[in-house]
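Q: Provided below: run-v1.txt, containing compact mmCIF, N, CA and C atoms and all ligand atoms.
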# COMPACT_ATOMS: atom_id res chain seq x y z
N MET A 1 -54.68 -43.14 -2.71
CA MET A 1 -54.33 -42.73 -1.34
C MET A 1 -54.88 -43.76 -0.34
N SER A 2 -54.05 -44.23 0.55
CA SER A 2 -54.50 -45.23 1.51
C SER A 2 -55.41 -44.60 2.55
N LYS A 3 -56.21 -45.43 3.18
CA LYS A 3 -57.13 -44.91 4.20
C LYS A 3 -56.34 -44.29 5.35
N LEU A 4 -55.26 -44.96 5.72
CA LEU A 4 -54.44 -44.46 6.82
C LEU A 4 -53.95 -43.05 6.54
N PHE A 5 -53.46 -42.84 5.34
CA PHE A 5 -52.93 -41.54 4.98
C PHE A 5 -54.05 -40.50 4.95
N ARG A 6 -55.17 -40.88 4.36
CA ARG A 6 -56.28 -39.94 4.24
C ARG A 6 -56.77 -39.51 5.63
N ASP A 7 -56.78 -40.43 6.56
CA ASP A 7 -57.27 -40.13 7.90
C ASP A 7 -56.38 -39.14 8.64
N ARG A 8 -55.15 -39.00 8.15
CA ARG A 8 -54.24 -38.07 8.84
C ARG A 8 -54.33 -36.66 8.27
N ILE A 9 -55.15 -36.46 7.25
CA ILE A 9 -55.37 -35.11 6.73
C ILE A 9 -56.56 -34.52 7.47
N LEU A 10 -56.30 -33.47 8.21
CA LEU A 10 -57.30 -32.94 9.13
C LEU A 10 -57.58 -31.47 8.82
N PRO A 11 -58.76 -31.01 9.19
CA PRO A 11 -59.01 -29.56 9.07
C PRO A 11 -58.12 -28.80 10.04
N ALA A 12 -57.80 -27.55 9.70
CA ALA A 12 -57.01 -26.71 10.61
C ALA A 12 -57.91 -26.25 11.74
N ARG A 13 -57.49 -26.53 12.98
CA ARG A 13 -58.31 -26.17 14.14
C ARG A 13 -57.55 -25.25 15.07
N CYS A 14 -58.32 -24.38 15.73
CA CYS A 14 -57.76 -23.47 16.73
C CYS A 14 -57.23 -24.29 17.90
N PRO A 15 -55.98 -24.03 18.35
CA PRO A 15 -55.43 -24.79 19.47
C PRO A 15 -56.11 -24.46 20.80
N PHE A 16 -56.88 -23.39 20.84
CA PHE A 16 -57.51 -22.99 22.10
C PHE A 16 -58.93 -23.54 22.24
N CYS A 17 -59.73 -23.39 21.19
CA CYS A 17 -61.14 -23.78 21.31
C CYS A 17 -61.47 -24.97 20.42
N ARG A 18 -60.52 -25.41 19.61
CA ARG A 18 -60.67 -26.59 18.75
C ARG A 18 -61.67 -26.39 17.61
N ALA A 19 -62.13 -25.18 17.40
CA ALA A 19 -63.02 -24.91 16.27
C ALA A 19 -62.19 -24.88 14.98
N GLU A 20 -62.82 -25.25 13.88
CA GLU A 20 -62.15 -25.09 12.60
C GLU A 20 -62.01 -23.60 12.30
N VAL A 21 -60.83 -23.19 11.85
CA VAL A 21 -60.59 -21.77 11.61
C VAL A 21 -60.77 -21.46 10.12
N PRO A 22 -61.10 -20.21 9.81
CA PRO A 22 -61.22 -19.82 8.39
C PRO A 22 -59.83 -19.77 7.76
N PRO A 23 -59.75 -19.91 6.43
CA PRO A 23 -58.44 -19.84 5.77
C PRO A 23 -57.81 -18.47 5.99
N PRO A 24 -56.51 -18.42 6.29
CA PRO A 24 -55.85 -17.12 6.41
C PRO A 24 -55.84 -16.41 5.07
N LYS A 25 -56.01 -15.12 5.11
CA LYS A 25 -55.96 -14.34 3.86
C LYS A 25 -55.19 -13.06 4.13
N GLU A 26 -54.94 -12.30 3.09
CA GLU A 26 -54.19 -11.07 3.23
C GLU A 26 -54.88 -10.18 4.26
N VAL A 27 -54.13 -9.68 5.23
CA VAL A 27 -54.72 -8.84 6.26
C VAL A 27 -54.74 -7.40 5.76
N GLU A 28 -55.92 -6.81 5.80
CA GLU A 28 -56.07 -5.46 5.25
C GLU A 28 -55.53 -4.41 6.21
N ASN A 29 -55.14 -3.28 5.63
CA ASN A 29 -54.88 -2.09 6.41
C ASN A 29 -53.71 -2.24 7.37
N GLY A 30 -52.64 -2.86 6.96
CA GLY A 30 -51.51 -2.94 7.86
C GLY A 30 -50.19 -3.01 7.13
N LEU A 31 -49.35 -1.98 7.31
CA LEU A 31 -48.04 -2.02 6.71
C LEU A 31 -47.21 -3.16 7.28
N TRP A 32 -47.53 -3.50 8.52
CA TRP A 32 -46.78 -4.50 9.22
C TRP A 32 -47.08 -5.91 8.76
N TYR A 33 -48.21 -6.08 8.15
CA TYR A 33 -48.72 -7.43 7.96
C TYR A 33 -48.19 -8.07 6.67
N ASP A 34 -47.10 -8.77 6.80
CA ASP A 34 -46.48 -9.41 5.65
C ASP A 34 -47.08 -10.77 5.36
N PHE A 35 -47.79 -11.33 6.32
CA PHE A 35 -48.26 -12.71 6.18
C PHE A 35 -49.78 -12.75 6.16
N ALA A 36 -50.30 -13.83 5.61
CA ALA A 36 -51.74 -14.03 5.62
C ALA A 36 -52.17 -14.35 7.05
N GLY A 37 -53.37 -13.90 7.40
CA GLY A 37 -53.85 -14.17 8.74
C GLY A 37 -55.36 -14.06 8.82
N ALA A 38 -55.91 -14.39 10.00
CA ALA A 38 -57.35 -14.30 10.21
C ALA A 38 -57.61 -14.45 11.71
N PHE A 39 -58.90 -14.46 12.07
CA PHE A 39 -59.28 -14.60 13.46
C PHE A 39 -60.19 -15.81 13.63
N CYS A 40 -60.02 -16.49 14.74
CA CYS A 40 -60.94 -17.57 15.12
C CYS A 40 -62.17 -16.96 15.77
N ALA A 41 -63.26 -17.72 15.80
CA ALA A 41 -64.48 -17.25 16.44
C ALA A 41 -64.28 -16.95 17.92
N CYS A 42 -63.30 -17.59 18.56
CA CYS A 42 -63.05 -17.37 20.00
C CYS A 42 -62.24 -16.11 20.25
N GLY A 43 -61.80 -15.45 19.18
CA GLY A 43 -61.05 -14.21 19.35
C GLY A 43 -59.56 -14.37 19.15
N ALA A 44 -59.07 -15.59 19.01
CA ALA A 44 -57.65 -15.80 18.76
C ALA A 44 -57.29 -15.27 17.37
N ALA A 45 -56.13 -14.59 17.31
CA ALA A 45 -55.61 -14.14 16.02
C ALA A 45 -54.57 -15.15 15.56
N PHE A 46 -54.49 -15.38 14.26
CA PHE A 46 -53.45 -16.27 13.79
C PHE A 46 -52.89 -15.80 12.46
N ALA A 47 -51.63 -16.16 12.21
CA ALA A 47 -50.95 -15.81 10.98
C ALA A 47 -50.22 -17.04 10.45
N HIS A 48 -50.03 -17.06 9.16
CA HIS A 48 -49.52 -18.25 8.48
C HIS A 48 -48.07 -18.06 8.05
N ASP A 49 -47.21 -18.94 8.50
CA ASP A 49 -45.83 -18.99 8.04
C ASP A 49 -45.71 -20.13 7.03
N PRO A 50 -45.65 -19.80 5.74
CA PRO A 50 -45.66 -20.86 4.72
C PRO A 50 -44.31 -21.54 4.56
N THR A 51 -43.24 -20.95 5.08
CA THR A 51 -41.90 -21.45 4.79
C THR A 51 -41.25 -22.16 5.97
N ALA A 52 -41.82 -22.00 7.16
CA ALA A 52 -41.22 -22.54 8.38
C ALA A 52 -39.91 -21.85 8.71
N ARG A 53 -39.69 -20.68 8.15
CA ARG A 53 -38.45 -19.94 8.42
C ARG A 53 -38.71 -18.60 9.09
N ASN A 54 -39.97 -18.16 9.12
CA ASN A 54 -40.27 -16.81 9.58
C ASN A 54 -40.77 -16.74 11.01
N GLY A 55 -40.80 -17.87 11.69
CA GLY A 55 -41.41 -18.02 13.01
C GLY A 55 -41.64 -16.77 13.83
N GLY A 56 -40.56 -16.09 14.24
CA GLY A 56 -40.69 -14.94 15.12
C GLY A 56 -41.51 -13.82 14.52
N ALA A 57 -41.30 -13.54 13.25
CA ALA A 57 -42.01 -12.45 12.59
C ALA A 57 -43.49 -12.77 12.47
N VAL A 58 -43.81 -14.02 12.21
CA VAL A 58 -45.21 -14.41 12.05
C VAL A 58 -45.92 -14.35 13.40
N LEU A 59 -45.23 -14.80 14.45
CA LEU A 59 -45.78 -14.74 15.79
C LEU A 59 -46.04 -13.29 16.19
N LEU A 60 -45.09 -12.43 15.86
CA LEU A 60 -45.25 -10.99 16.17
C LEU A 60 -46.46 -10.42 15.44
N GLN A 61 -46.64 -10.82 14.20
CA GLN A 61 -47.81 -10.33 13.46
C GLN A 61 -49.10 -10.79 14.13
N ALA A 62 -49.14 -12.05 14.57
CA ALA A 62 -50.34 -12.55 15.24
C ALA A 62 -50.61 -11.75 16.52
N MET A 63 -49.55 -11.39 17.24
CA MET A 63 -49.72 -10.58 18.45
C MET A 63 -50.25 -9.20 18.12
N LEU A 64 -49.72 -8.64 17.05
CA LEU A 64 -50.14 -7.31 16.62
C LEU A 64 -51.62 -7.35 16.20
N MET A 65 -52.01 -8.40 15.52
CA MET A 65 -53.42 -8.54 15.13
C MET A 65 -54.30 -8.65 16.37
N ALA A 66 -53.82 -9.40 17.37
CA ALA A 66 -54.60 -9.59 18.60
C ALA A 66 -54.74 -8.28 19.37
N CYS A 67 -53.79 -7.35 19.14
CA CYS A 67 -53.80 -6.05 19.82
C CYS A 67 -54.32 -4.95 18.90
N GLU A 68 -55.01 -5.32 17.87
CA GLU A 68 -55.58 -4.35 16.92
C GLU A 68 -54.53 -3.40 16.37
N GLY A 69 -53.33 -3.92 16.13
CA GLY A 69 -52.30 -3.15 15.46
C GLY A 69 -51.53 -2.20 16.37
N ASP A 70 -51.76 -2.29 17.68
CA ASP A 70 -51.13 -1.38 18.62
C ASP A 70 -49.83 -1.97 19.17
N MET A 71 -48.69 -1.50 18.61
CA MET A 71 -47.39 -2.09 18.99
C MET A 71 -47.06 -1.83 20.45
N GLU A 72 -47.45 -0.68 21.00
CA GLU A 72 -47.18 -0.40 22.42
C GLU A 72 -47.87 -1.42 23.31
N GLN A 73 -49.09 -1.78 22.91
CA GLN A 73 -49.83 -2.76 23.68
C GLN A 73 -49.14 -4.13 23.59
N VAL A 74 -48.66 -4.46 22.38
CA VAL A 74 -47.95 -5.73 22.20
C VAL A 74 -46.76 -5.81 23.17
N LEU A 75 -46.00 -4.71 23.24
CA LEU A 75 -44.79 -4.70 24.05
C LEU A 75 -45.10 -4.73 25.55
N SER A 76 -46.33 -4.35 25.92
CA SER A 76 -46.69 -4.30 27.34
C SER A 76 -47.25 -5.64 27.83
N LEU A 77 -47.48 -6.56 26.91
CA LEU A 77 -48.10 -7.83 27.30
C LEU A 77 -47.09 -8.77 27.93
N ALA A 78 -47.52 -9.46 28.98
CA ALA A 78 -46.68 -10.47 29.60
C ALA A 78 -47.14 -11.86 29.15
N PRO A 79 -46.18 -12.68 28.69
CA PRO A 79 -46.55 -14.04 28.26
C PRO A 79 -47.25 -14.79 29.38
N GLU A 80 -48.16 -15.67 29.02
CA GLU A 80 -48.94 -16.48 29.98
C GLU A 80 -49.95 -15.62 30.73
N GLU A 81 -49.51 -14.48 31.27
CA GLU A 81 -50.39 -13.64 32.05
C GLU A 81 -51.44 -12.95 31.18
N ASP A 82 -50.98 -12.33 30.09
CA ASP A 82 -51.87 -11.52 29.27
C ASP A 82 -52.32 -12.20 27.97
N TYR A 83 -51.56 -13.21 27.57
CA TYR A 83 -51.95 -13.89 26.33
C TYR A 83 -51.43 -15.32 26.33
N GLU A 84 -52.03 -16.12 25.46
CA GLU A 84 -51.59 -17.50 25.28
C GLU A 84 -51.10 -17.67 23.85
N GLU A 85 -50.10 -18.50 23.70
CA GLU A 85 -49.56 -18.82 22.38
C GLU A 85 -49.94 -20.24 21.99
N GLY A 86 -50.19 -20.44 20.73
CA GLY A 86 -50.42 -21.79 20.25
C GLY A 86 -50.01 -21.87 18.80
N TRP A 87 -49.89 -23.06 18.28
CA TRP A 87 -49.53 -23.17 16.87
C TRP A 87 -50.04 -24.48 16.31
N VAL A 88 -50.19 -24.47 14.99
CA VAL A 88 -50.61 -25.66 14.26
C VAL A 88 -49.54 -25.94 13.23
N GLU A 89 -48.88 -27.08 13.38
CA GLU A 89 -47.82 -27.43 12.45
C GLU A 89 -48.37 -28.29 11.31
N HIS A 90 -47.55 -28.49 10.29
CA HIS A 90 -47.93 -29.30 9.12
C HIS A 90 -49.16 -28.74 8.42
N TYR A 91 -49.21 -27.40 8.35
CA TYR A 91 -50.36 -26.77 7.71
C TYR A 91 -50.05 -26.49 6.24
N ASN A 92 -50.98 -26.89 5.38
CA ASN A 92 -50.86 -26.63 3.95
C ASN A 92 -51.79 -25.48 3.57
N GLY A 93 -51.19 -24.34 3.22
CA GLY A 93 -51.98 -23.15 2.91
C GLY A 93 -52.79 -23.26 1.63
N LEU A 94 -52.40 -24.17 0.75
CA LEU A 94 -53.13 -24.32 -0.52
C LEU A 94 -54.43 -25.07 -0.33
N THR A 95 -54.41 -26.06 0.55
CA THR A 95 -55.60 -26.88 0.76
C THR A 95 -56.34 -26.49 2.04
N HIS A 96 -55.72 -25.64 2.87
CA HIS A 96 -56.27 -25.28 4.19
C HIS A 96 -56.52 -26.54 5.03
N ARG A 97 -55.54 -27.42 5.00
CA ARG A 97 -55.64 -28.65 5.78
C ARG A 97 -54.31 -28.92 6.49
N VAL A 98 -54.40 -29.71 7.53
CA VAL A 98 -53.19 -30.19 8.19
C VAL A 98 -52.84 -31.53 7.58
N GLU A 99 -51.66 -31.60 6.99
CA GLU A 99 -51.24 -32.80 6.26
C GLU A 99 -49.85 -33.22 6.73
N PRO A 100 -49.62 -34.53 6.77
CA PRO A 100 -48.33 -35.02 7.31
C PRO A 100 -47.11 -34.43 6.60
N ASN A 101 -47.22 -34.15 5.32
CA ASN A 101 -46.05 -33.71 4.57
C ASN A 101 -45.96 -32.20 4.41
N ALA A 102 -46.92 -31.47 4.94
CA ALA A 102 -46.89 -30.02 4.79
C ALA A 102 -45.94 -29.42 5.83
N PHE A 103 -45.33 -28.28 5.51
CA PHE A 103 -44.35 -27.71 6.43
C PHE A 103 -44.67 -26.28 6.83
N GLY A 104 -45.87 -25.81 6.55
CA GLY A 104 -46.26 -24.48 7.02
C GLY A 104 -46.69 -24.55 8.48
N THR A 105 -46.75 -23.38 9.11
CA THR A 105 -47.19 -23.32 10.50
C THR A 105 -48.16 -22.16 10.67
N LEU A 106 -49.22 -22.39 11.44
CA LEU A 106 -50.10 -21.29 11.85
C LEU A 106 -49.75 -20.94 13.29
N TYR A 107 -49.47 -19.67 13.54
CA TYR A 107 -49.18 -19.19 14.89
C TYR A 107 -50.40 -18.47 15.43
N PHE A 108 -50.82 -18.87 16.62
CA PHE A 108 -52.03 -18.32 17.25
C PHE A 108 -51.68 -17.53 18.50
N ILE A 109 -52.41 -16.43 18.69
CA ILE A 109 -52.32 -15.66 19.93
C ILE A 109 -53.74 -15.39 20.42
N ARG A 110 -54.00 -15.71 21.66
CA ARG A 110 -55.28 -15.37 22.25
C ARG A 110 -55.07 -14.54 23.50
N ARG A 111 -55.67 -13.36 23.51
CA ARG A 111 -55.58 -12.50 24.69
C ARG A 111 -56.36 -13.11 25.84
N ARG A 112 -55.81 -13.02 27.02
CA ARG A 112 -56.58 -13.35 28.23
C ARG A 112 -57.33 -12.09 28.62
N ARG A 113 -58.58 -12.23 28.93
CA ARG A 113 -59.38 -11.05 29.22
C ARG A 113 -59.86 -11.06 30.66
N GLY A 114 -60.08 -9.87 31.15
CA GLY A 114 -60.66 -9.72 32.46
C GLY A 114 -59.73 -10.15 33.58
N GLY A 115 -58.42 -9.93 33.40
CA GLY A 115 -57.48 -10.04 34.48
C GLY A 115 -56.95 -11.40 34.74
ZN ZN B 1 -60.54 -20.52 18.73
Have the structure of the file written as structure tokens, please.
A:
Amino acid sequence: MSKLFRDRILPARCPFCRAEVPPPKEVENGLWYDFAGAFCACGAAFAHDPTARNGGAVLLQAMLMACEGDMEQVLSLAPEEDYEEGWVEHYNGLTHRVEPNAFGTLYFIRRRRGG
């Protein structure tokens, strides 16, 4: 592997606080949760789309996780005002790294707090 290529393999980082995030894993206690997900230390919820085809559903799951599973709350949120969206492309779920050739995506939602 060339140095150039190796340098482009990066840890997966939260788009909001830039901290390295834990690997997504099966989310417990949710009929809704079809995808692996986890939380960043800053409170952002994220879910993993391994196929690059599930975008909307994965984003919805991240929102639901950010709202502690409360769908009514999800539907009451206004974009930008109540939450921020972010994503990490080229994510490889097997290595938990961002790699040029990977095609998974992590979708992040962070609630804005305190108005
Ligand atoms: Zn974060």
Q: Give me, as CSV, the closest atom pair and its distance (Å, one decimal) for every residue of region 14-64 of chain A within a cut-off of 8 Å of region 87-96 of chain A, counting only C-alpha atoms, rows sorted by chain and rising number.
A:
residue,atom,partner,partner_atom,distance
A:Cys14,CA,A:Val88,CA,7.9
A:Pro15,CA,A:Trp87,CA,6.6
A:Pro23,CA,A:His96,CA,6.1
A:Pro24,CA,A:Gly93,CA,8.0
A:His48,CA,A:Gly93,CA,7.8
A:Pro50,CA,A:Gly93,CA,7.0
Q: Please produce a file of those selected residues containing N, CA and C atoms, as a CSV table (one decimal), in the coordinates of the input.
A:
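In the end it all went to out.csv:
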chain,number,residue,atom,x,y,z
A,14,CYS,N,-58.3,-24.4,15.7
A,14,CYS,CA,-57.8,-23.5,16.7
A,14,CYS,C,-57.2,-24.3,17.9
A,15,PRO,N,-56.0,-24.0,18.4
A,15,PRO,CA,-55.4,-24.8,19.5
A,15,PRO,C,-56.1,-24.5,20.8
A,23,PRO,N,-59.8,-19.9,6.4
A,23,PRO,CA,-58.4,-19.8,5.8
A,23,PRO,C,-57.8,-18.5,6.0
A,24,PRO,N,-56.5,-18.4,6.3
A,24,PRO,CA,-55.8,-17.1,6.4
A,24,PRO,C,-55.8,-16.4,5.1
A,48,HIS,N,-50.0,-17.1,9.2
A,48,HIS,CA,-49.5,-18.2,8.5
A,48,HIS,C,-48.1,-18.1,8.0
A,50,PRO,N,-45.6,-19.8,5.7
A,50,PRO,CA,-45.7,-20.9,4.7
A,50,PRO,C,-44.3,-21.5,4.6
Q: Pick out the residues sitting within 8 Å of Cys42 (chain A), and hand them over as a count of residues only; count only N, CA and C atoms, and ignore anything fewer than 5 positions along from it in its own chain.
A: 5
Q: For Asp82 (chain A), please output as number ranges by chain all residues within 12 Å (counting only C-alpha atoms; exclusion window: fewer than 5 positions along the same chain).
A: A: 63, 66-67, 73-77, 109-115
Q: With N, CA and C atoms kept, could you save the residues just selected as an mmCIF file, in the frame of the given file?
A:
data_model
loop_
_atom_site.group_PDB
_atom_site.id
_atom_site.type_symbol
_atom_site.label_atom_id
_atom_site.label_comp_id
_atom_site.auth_asym_id
_atom_site.auth_seq_id
_atom_site.Cartn_x
_atom_site.Cartn_y
_atom_site.Cartn_z
ATOM 1 N N MET A 63 -49.550 -11.390 17.240
ATOM 2 C CA MET A 63 -49.720 -10.580 18.450
ATOM 3 C C MET A 63 -50.250 -9.200 18.120
ATOM 4 N N ALA A 66 -53.820 -9.400 17.370
ATOM 5 C CA ALA A 66 -54.600 -9.590 18.600
ATOM 6 C C ALA A 66 -54.740 -8.280 19.370
ATOM 7 N N CYS A 67 -53.790 -7.350 19.140
ATOM 8 C CA CYS A 67 -53.800 -6.050 19.820
ATOM 9 C C CYS A 67 -54.320 -4.950 18.900
ATOM 10 N N GLN A 73 -49.090 -1.780 22.910
ATOM 11 C CA GLN A 73 -49.830 -2.760 23.680
ATOM 12 C C GLN A 73 -49.140 -4.130 23.590
ATOM 13 N N VAL A 74 -48.660 -4.460 22.380
ATOM 14 C CA VAL A 74 -47.950 -5.730 22.200
ATOM 15 C C VAL A 74 -46.760 -5.810 23.170
ATOM 16 N N LEU A 75 -46.000 -4.710 23.240
ATOM 17 C CA LEU A 75 -44.790 -4.700 24.050
ATOM 18 C C LEU A 75 -45.100 -4.730 25.550
ATOM 19 N N SER A 76 -46.330 -4.350 25.920
ATOM 20 C CA SER A 76 -46.690 -4.300 27.340
ATOM 21 C C SER A 76 -47.250 -5.640 27.830
ATOM 22 N N LEU A 77 -47.480 -6.560 26.910
ATOM 23 C CA LEU A 77 -48.100 -7.830 27.300
ATOM 24 C C LEU A 77 -47.090 -8.770 27.930
ATOM 25 N N ILE A 109 -52.410 -16.430 18.690
ATOM 26 C CA ILE A 109 -52.320 -15.660 19.930
ATOM 27 C C ILE A 109 -53.740 -15.390 20.420
ATOM 28 N N ARG A 110 -54.000 -15.710 21.660
ATOM 29 C CA ARG A 110 -55.280 -15.370 22.250
ATOM 30 C C ARG A 110 -55.070 -14.540 23.500
ATOM 31 N N ARG A 111 -55.670 -13.360 23.510
ATOM 32 C CA ARG A 111 -55.580 -12.500 24.690
ATOM 33 C C ARG A 111 -56.360 -13.110 25.840
ATOM 34 N N ARG A 112 -55.810 -13.020 27.020
ATOM 35 C CA ARG A 112 -56.580 -13.350 28.230
ATOM 36 C C ARG A 112 -57.330 -12.090 28.620
ATOM 37 N N ARG A 113 -58.580 -12.230 28.930
ATOM 38 C CA ARG A 113 -59.380 -11.050 29.220
ATOM 39 C C ARG A 113 -59.860 -11.060 30.660
ATOM 40 N N GLY A 114 -60.080 -9.870 31.150
ATOM 41 C CA GLY A 114 -60.660 -9.720 32.460
ATOM 42 C C GLY A 114 -59.730 -10.150 33.580
ATOM 43 N N GLY A 115 -58.420 -9.930 33.400
ATOM 44 C CA GLY A 115 -57.480 -10.040 34.480
ATOM 45 C C GLY A 115 -56.950 -11.400 34.740
#
Q: Can you work out which one of A:Gly69, A:Glu20, A:Pro100, A:Thr105 has the shortest atom-to-atom distance to ligand ZN 1 (chain B), counting all atoms listed in the file?
A: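 Answer, going by the shortest atom-to-atom distance: A:Glu20.
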Q: May I have all residues of region 3-107 of chain A that DSSP, computed from the backbone, assigns to strand (DSSP E), given as an MDAnalysis selection string?
A: chainID A and resid 10:11 25:26 36:39 45:49 83:92 97:98 104:107
Q: Between A:Glu85, A:Ala41, A:Arg97, A:Lys25, single out the one closest to ligand ZN 1 (chain B), counting only N, CA and C atoms and all ligand atoms.
A: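 The closest residue to ligand ZN 1 (chain B) is A:Ala41.
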Q: With only C-alpha atoms as the basis for distance, which of A:Met71, A:Tyr83, A:Ala47, A:Leu60 is at the shortest distance from Leu106 (chain A)?
A: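 Of A:Met71, A:Tyr83, A:Ala47, A:Leu60, the one nearest Leu106 (chain A), counting only C-alpha atoms, is A:Ala47.
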Q: I need the residue nearest Gly86 (chain A) from this list: A:Tyr107, A:Glu72, A:Asn101, A:Phe39. Use all atoms listed in the file for the distance.
A: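 Looking at the shortest contact to Gly86 (chain A), the residue is A:Tyr107.
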Q: Where does DSSP see helix (DSSP H, G or I) in region 1-87 of chain A, if you list the residues as a list of chain:residue names?
A: A:Lys3, A:Leu4, A:Phe5, A:Arg6, A:Asp7, A:Gly55, A:Gly56, A:Ala57, A:Val58, A:Leu59, A:Leu60, A:Gln61, A:Ala62, A:Met63, A:Leu64, A:Met65, A:Ala66, A:Met71, A:Glu72, A:Gln73, A:Val74, A:Leu75, A:Ser76
Q: Find, counting only N, CA and C atoms and all ligand atoms, the residue in A:Leu64, A:Ala38, A:Ala44, A:Val27 that gets nearest to ligand ZN 1 (chain B).
A: A:Ala44
Q: Select, from A:Gly104, A:Val98, A:Glu84, A:Asp34, the residue with the minimum atom-to-atom distance to Arg13 (chain A), counting only N, CA and C atoms.
A: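 Of all the options, A:Val98 lies closest to Arg13 (chain A).
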Q: In Å, rounded to a single decimal, give me how far CA of Phe103 (chain A) is from CA of Pro22 (chain A).
A: 18.7 Å
Q: I'd like the interatomic distance between atom N of Pro11 (chain A) and atom N of Glu99 (chain A), to a tenth of an Å.
A: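 Those two atoms sit 7.5 Å apart.
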Q: In Å, how far is it from CA of Glu81 (chain A) to CA of Cys40 (chain A)?
A: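 These atoms are spaced 20.3 Å apart.
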Q: Show me, as lines of an AutoDock Vina configuration file, the centre and edge lengths in Å to one decimal of the axis-aligned box that covers every listed atom of region 52-56 of chain A with 4 Å on each side.
A:
center_x = -40.1
center_y = -18.2
center_z = 11.1
size_x = 11.4
size_y = 16.7
size_z = 16.0
